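Everything on this sheet refers to the single structure shown next.
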Amino acid sequence: MNRWLLPQGIEDVLPDRAEAIEGLRRRVLDLYHRWGYALIMPPEVEFLDSLLTGVGGDLSLRTMKVVDQASGHLMGFRADMTPQVARVDASRLEGEGPRRLCYAGTVLRAQPDNYGRSRAPLQVGAEVFGVPGPTADAEVIGLMAATLSEVGIRDFTLDLGHVGLYRALVEDLEPDADREALLRDAIRRKDAGAVEEALEGLGADAARREALKALPALHGGEEVLEAAADCAVTPRAERALEELKTLVAHLHRRELGDHLCFDLGEVRGYDYHTGPVFAAYVAGQGEAVFYGGRYDGIGAAFGKSRPATGISGDLKLLADLMPAEAGAPVGVLAPAEGPDDLQRTIQSLRAQGVRVVQVLEPLAEEAFEAEARRLGCAQILAHDGEQGWRTRPVEPQEDE
């Protein structure tokens, strides 16, 4: 066995990719700052009881657990930062009004997912607490679209659903946990036969049975919302559908209507989400690149039950999706020595925000140009007699 082999799904991030990821992290957090979101930095490890409070069993399975040798208590490496942000809002910050928080940090997953993605994503996200209506959902969806625009992605699909519709259709049925999980899984996989089988013995009336059987087929454009009217067979189901329609109206006002599609059989995060759920998809990716939803009441266990909604994504993945031109050479290569004002010129350029790399040993002109290309510099700093120090483009290689 290679002694330097890393665990499955864990990777080194090498210079070019690290530069792209870090640059994107700064831009995205600056974007969130401009939208009014305050940055917080929760710890990477917490006691397990607080880390998993109120989030259901799925996150527990994804959480890597260790024993704290200082206390003997079980701890977990966070697999998702959203519950931590909810804890901070409920227990560490004062006030009852609306609150916007954002974050960026590494999370660790106990198992790799089915798409071969990293087990240590660099999660970035934003949450709104204290606002129960669709205005907050529309804002975070708008922020999700703005994040993709910051990455350079203009062609994307925003997929919307509402777990409240499914909840309304199964409330009062009291199915055993295994049967209900089978039903949810069948709806998620859009397997009509499995839905029919899972419904056996649930005691649902005919209207609710038909509505549950219809959910897997309710995906597509806005016509889905009209087709779903037949599923609004209880007051709570009708309310969920109206909430979704109101959210869509808000998104049209934000000029996001052309990106919308719908999946009313989406039951992702059922143990966690309570209302609208949303995800962003781009071509070539089998899974959402950004996702979110409403999760009211998660802070109750920490003493403050608040409406909440938010989004999150993996900055490593988003950086890999940036257009090629985003990684074009930048910066200036400076010589090791020259007239007395060389260092002053370098310092002046750096003070202006220019990336300046100074070689450590004198190089011949041809080698200097090659070094600039190797280091990803688009320009070189050269002394031009009476004109002093000036930058000029790096000469392209003959085969370019």
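Residue numbers start at 1 in each chain; chains themselves are named A, B, ... in the order of the structure tokens; ligands are numbered from 1 in the order shown.
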Would you please give, as a PyMOL selection string, all residues of range 41-289 of chain A that DSSP assigns to strand (DSSP E or B) based on the backbone? chain A and resi 45-47+64-67+74-77+99-106+122-129+157-162+219-220+260-263+276-281
Shell of 6 Å around range 8-19 of chain A, only C-alpha atoms, local chain residues under 3 positions omitted, as a PDB file with all heavy atoms, in the first residue's frame:
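Printed below is part23.pdb as written:
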```pdb
ATOM      1  N   GLU A  22      -9.921  29.736  -3.577  1.00  0.00           N
ATOM      2  CA  GLU A  22      -9.806  30.819  -2.605  1.00  0.00           C
ATOM      3  C   GLU A  22     -10.291  32.143  -3.187  1.00  0.00           C
ATOM      4  O   GLU A  22     -10.972  32.922  -2.513  1.00  0.00           O
ATOM      5  CB  GLU A  22      -8.358  30.947  -2.118  1.00  0.00           C
ATOM      6  CG  GLU A  22      -8.097  32.116  -1.186  1.00  0.00           C
ATOM      7  CD  GLU A  22      -8.935  32.092   0.088  1.00  0.00           C
ATOM      8  OE1 GLU A  22      -9.513  31.041   0.419  1.00  0.00           O
ATOM      9  OE2 GLU A  22      -9.020  33.147   0.749  1.00  0.00           O
ATOM     10  N   GLY A  23      -9.954  32.397  -4.455  1.00  0.00           N
ATOM     11  CA  GLY A  23     -10.438  33.614  -5.091  1.00  0.00           C
ATOM     12  C   GLY A  23     -11.952  33.646  -5.153  1.00  0.00           C
ATOM     13  O   GLY A  23     -12.585  34.687  -4.904  1.00  0.00           O
ATOM     14  N   PRO A 112     -18.445   8.603   0.973  1.00  0.00           N
ATOM     15  CA  PRO A 112     -18.523   9.331  -0.297  1.00  0.00           C
ATOM     16  C   PRO A 112     -19.923   9.211  -0.882  1.00  0.00           C
ATOM     17  O   PRO A 112     -20.653   8.257  -0.600  1.00  0.00           O
ATOM     18  CB  PRO A 112     -17.494   8.607  -1.181  1.00  0.00           C
ATOM     19  CG  PRO A 112     -17.372   7.241  -0.591  1.00  0.00           C
ATOM     20  CD  PRO A 112     -17.622   7.381   0.884  1.00  0.00           C
ATOM     21  N   SER A 118     -16.123  15.117  -3.515  1.00  0.00           N
ATOM     22  CA  SER A 118     -15.266  15.170  -2.341  1.00  0.00           C
ATOM     23  C   SER A 118     -16.047  14.849  -1.068  1.00  0.00           C
ATOM     24  O   SER A 118     -17.199  15.243  -0.908  1.00  0.00           O
ATOM     25  CB  SER A 118     -14.642  16.562  -2.226  1.00  0.00           C
ATOM     26  OG  SER A 118     -13.923  16.702  -1.017  1.00  0.00           O
ATOM     27  N   ARG A 119     -15.393  14.129  -0.150  1.00  0.00           N
ATOM     28  CA  ARG A 119     -15.955  13.922   1.189  1.00  0.00           C
ATOM     29  C   ARG A 119     -15.644  15.097   2.098  1.00  0.00           C
ATOM     30  O   ARG A 119     -16.125  15.140   3.235  1.00  0.00           O
ATOM     31  CB  ARG A 119     -15.387  12.641   1.803  1.00  0.00           C
ATOM     32  CG  ARG A 119     -15.961  11.357   1.209  1.00  0.00           C
ATOM     33  CD  ARG A 119     -15.197  10.156   1.726  1.00  0.00           C
ATOM     34  NE  ARG A 119     -15.209  10.083   3.176  1.00  0.00           N
ATOM     35  CZ  ARG A 119     -14.381   9.310   3.885  1.00  0.00           C
ATOM     36  NH1 ARG A 119     -13.470   8.571   3.259  1.00  0.00           N
ATOM     37  NH2 ARG A 119     -14.464   9.276   5.194  1.00  0.00           N
TER      38      ARG A 119
END
```
I'd like the neighbourhood of Pro307 in chain A as a ChimeraX atom specification, where a residue qualifies if any of its atoms comes within 7 Å (using only C-alpha atoms), though same-chain residues fewer than 3 positions away should be ignored. /A:129-132,296-297
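Closest approach to Gly313 in chain A among A:Gly164, A:Gly125, A:Gly284, A:Gly269 is made by A:Gly125 (distances from only C-alpha atoms).
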May I have the residues within 10 Å of range 184-188 of chain A as a PyMOL selection string, using only C-alpha atoms and disregarding those fewer than 5 positions away in the same chain? chain A and resi 166+178-179+193-198+212-217+263-268+270
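Excluding Ala280 in chain A and any residue on its chain fewer than 5 positions from it, the residues at most 7 Å away by only C-alpha atoms are Phe156, Thr157, Leu158, Asp159, Ala288, Val289, Phe290 and Tyr291 of chain A.
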Expected file contents, prior selection, N, CA and C atoms, as a compact mmCIF listing (two decimals), in the first residue's frame:
```txt
# COMPACT_ATOMS: atom_id res chain seq x y z
N PHE A 156 -28.50 27.94 -16.16
CA PHE A 156 -28.78 27.03 -15.05
C PHE A 156 -30.29 26.88 -14.90
N THR A 157 -30.68 25.84 -14.19
CA THR A 157 -32.10 25.58 -13.91
C THR A 157 -32.32 25.61 -12.42
N LEU A 158 -33.37 26.31 -12.00
CA LEU A 158 -33.77 26.35 -10.59
C LEU A 158 -34.95 25.41 -10.41
N ASP A 159 -34.74 24.34 -9.69
CA ASP A 159 -35.75 23.31 -9.50
C ASP A 159 -36.45 23.55 -8.16
N ALA A 288 -27.42 18.38 -8.07
CA ALA A 288 -27.49 19.83 -7.90
C ALA A 288 -26.14 20.40 -7.49
N VAL A 289 -25.83 21.59 -7.98
CA VAL A 289 -24.59 22.27 -7.60
C VAL A 289 -24.83 23.27 -6.47
N PHE A 290 -26.11 23.59 -6.22
CA PHE A 290 -26.49 24.45 -5.10
C PHE A 290 -27.87 24.02 -4.67
N TYR A 291 -28.17 24.10 -3.40
CA TYR A 291 -29.45 23.58 -2.94
C TYR A 291 -29.86 24.31 -1.67
```
Using the chain letters and numbers from this document, which residues of range 66-204 of chain A does DSSP assign to helix (DSSP H, G or I), as a PyMOL selection string? chain A and resi 82-91+134-151+163-170+177-189+192-199
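Every protein, DNA or RNA residue with an atom at most 12 Å from Arg26 in chain A, where only C-alpha atoms count and chain neighbours fewer than 3 positions away do not, is listed here: Glu19, Ala20, Ile21, Glu22, Gly23, Leu29, Asp30, Leu31, Tyr32, His33, Leu39, Tyr103, Ala104, Val124, Thr147, Glu150, Val151, Leu315 and Ala319 of chain A.
Non-sequential neighbours of range 333-347 of chain A (distance at most 6 Å, separation of 5 or more positions within a chain, only C-alpha atoms) are Val356, Val357, Gln358, Val359, Leu360, Glu361, Pro362, Ala372, Ile380 and Leu381 of chain A.
Separating CA of Asp58 in chain A from CA of Leu182 in chain A is a distance of 14.8 Å.
Of the listed residues (A:Ala146, A:Leu321, A:Val330, A:Leu247), A:Ala146 comes nearest to Arg27 in chain A; the distances count only C-alpha atoms.
Going from CA of Trp35 in chain A to CA of Gly95 in chain A covers 20.1 Å.
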